[in-house]
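Okay, so here's the structure we're looking at.
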Amino acid sequence: MNVTCVLAILGLLLAAASAQKSKPCESPPLMSGGVTVMGFSGSVMSSGTITYDAFGQKIRVRNFGMAGNTTFAVDQLMLFQKKVYYEIDWSKLSCKKRHLSTDFIPMQVPDDANWMGQAILGSSSSWGMGVLVNNWYGDLPGNGTYMSVFTETGCIPMTFTGYTPSNGWTFVSTYNWVLGITNPMDLYPPLFCAKAQLEDSETPHNMFTALESLARSTKDMK
């Protein structure tokens, strides 16, 4: 085999390897599913549902959890186009309406994410026993890092693991995703929220600090 042939084969192999490298992707715009969150390095845990609407830029999170020996319920509706979010208390039929400072960020693999490689969750021994996923990692503000897992087909989010020196480790797992909105009313505040007045706050919350502040206040009740 001459040198020209060897170089040609190597070129084909490199091209095939490059073709197999996944590119950042964006999840479907309408989804409903389950979510489990563990934050503050394991001191706060919760599980519930999430409704995601990228067209209307809305997210609804309903979770029940535990912080130490204290149980809590989280029901938050985030309306990014209106720059507000609601904390809904069904036991008192009341709402808190607060500023939401961030722009809407779709569920996606960030453009600057680094691709780690592919893996099969489950088994590849037979059809239907596993799912092909892509592993990504990158940096978070505040000297933090993250790793996320999305499916190769459909770009469905599966897990997110993040660390920042201020908050420690956070782990998010999603599952049972359904394409579409199973209950459209999830994306509208209950009628009793109409009386809620926009509260002044020193620091307008974004999606992450809104969830974090509620978890932190519950954690402090221990």
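Chain identifiers are assigned as A, B, and so on, following the order in which chains appear in the structure tokens; residues are numbered from 1 within each chain, and ligands are numbered from 1 in order of appearance.
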> Which residues, written as a list in words, have at least one atom at most 7 Å from A:Val84, with only C-alpha atoms counted and residues fewer than 3 positions away on the same chain left out?
Replying inline: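 Answer for this query is Met78, Leu79, Phe80, Lys97, Arg98, His99 and Leu100 of chain A.
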Save out the residues we just selected, C-alpha atoms, as a compact mmCIF listing (two decimals), in the first residue's frame.
# COMPACT_ATOMS: atom_id res chain seq x y z
CA MET A 78 -42.35 32.43 35.22
CA LEU A 79 -43.59 34.82 32.53
CA PHE A 80 -40.48 36.06 30.77
CA LYS A 97 -45.75 38.64 42.24
CA ARG A 98 -42.13 39.58 41.75
CA HIS A 99 -39.72 40.94 39.16
CA LEU A 100 -38.07 38.52 36.74
>> Report as a list of chain:residue names all protein, DNA and RNA residues lying within 10 Å of A:Pro189, evaluated on only C-alpha atoms, omitting residues in the same chain fewer than 5 positions from it.
In response: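 In the requested format, the answer is A:Arg60, A:Gln76, A:Leu77, A:Met78, A:Leu79, A:Tyr85, A:Tyr86, A:Glu87, A:Ile88, A:Cys95, A:Ala194.
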Give me, as JSON lines, each residue of stretch 70-117 of chain A that comes within 9 Å of stretch 128-144 of chain A, together with its shortest interatomic pair and the distance in Å at one decimal, counting only C-alpha atoms, with rows ordered by chain and rising residue number.
{"residue": "A:Val109", "atom": "CA", "partner": "A:Trp136", "partner_atom": "CA", "distance": 7.7}
{"residue": "A:Pro110", "atom": "CA", "partner": "A:Gly138", "partner_atom": "CA", "distance": 8.7}
{"residue": "A:Asp112", "atom": "CA", "partner": "A:Gly138", "partner_atom": "CA", "distance": 7.4}
{"residue": "A:Ala113", "atom": "CA", "partner": "A:Gly138", "partner_atom": "CA", "distance": 5.2}
{"residue": "A:Asn114", "atom": "CA", "partner": "A:Tyr137", "partner_atom": "CA", "distance": 5.2}
{"residue": "A:Trp115", "atom": "CA", "partner": "A:Trp136", "partner_atom": "CA", "distance": 4.7}
{"residue": "A:Met116", "atom": "CA", "partner": "A:Asn135", "partner_atom": "CA", "distance": 5.3}
{"residue": "A:Gly117", "atom": "CA", "partner": "A:Asn135", "partner_atom": "CA", "distance": 5.6}
Keeping only C-alpha atoms, write the selected residues to a file as a compact mmCIF listing (two decimals), in the first residue's frame.
# COMPACT_ATOMS: atom_id res chain seq x y z
CA VAL A 109 -26.92 23.08 24.66
CA PRO A 110 -25.09 26.45 24.82
CA ASP A 112 -19.92 27.58 23.78
CA ALA A 113 -20.42 24.16 25.42
CA ASN A 114 -17.68 21.57 25.07
CA TRP A 115 -18.58 18.14 23.76
CA MET A 116 -17.30 15.27 25.94
CA GLY A 117 -18.59 12.39 23.87
>> What parts of stretch 21-189 of chain A does DSSP call strand (DSSP E)? I'd like the answer as a count of residues only.
In response: 100
>> Using only C-alpha atoms, can you tell me which of A:Val44, A:Ile105, A:Ala119, A:Ile50 comes closest to A:Met66?
In response: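 Answer, going by the shortest atom-to-atom distance: A:Val44.
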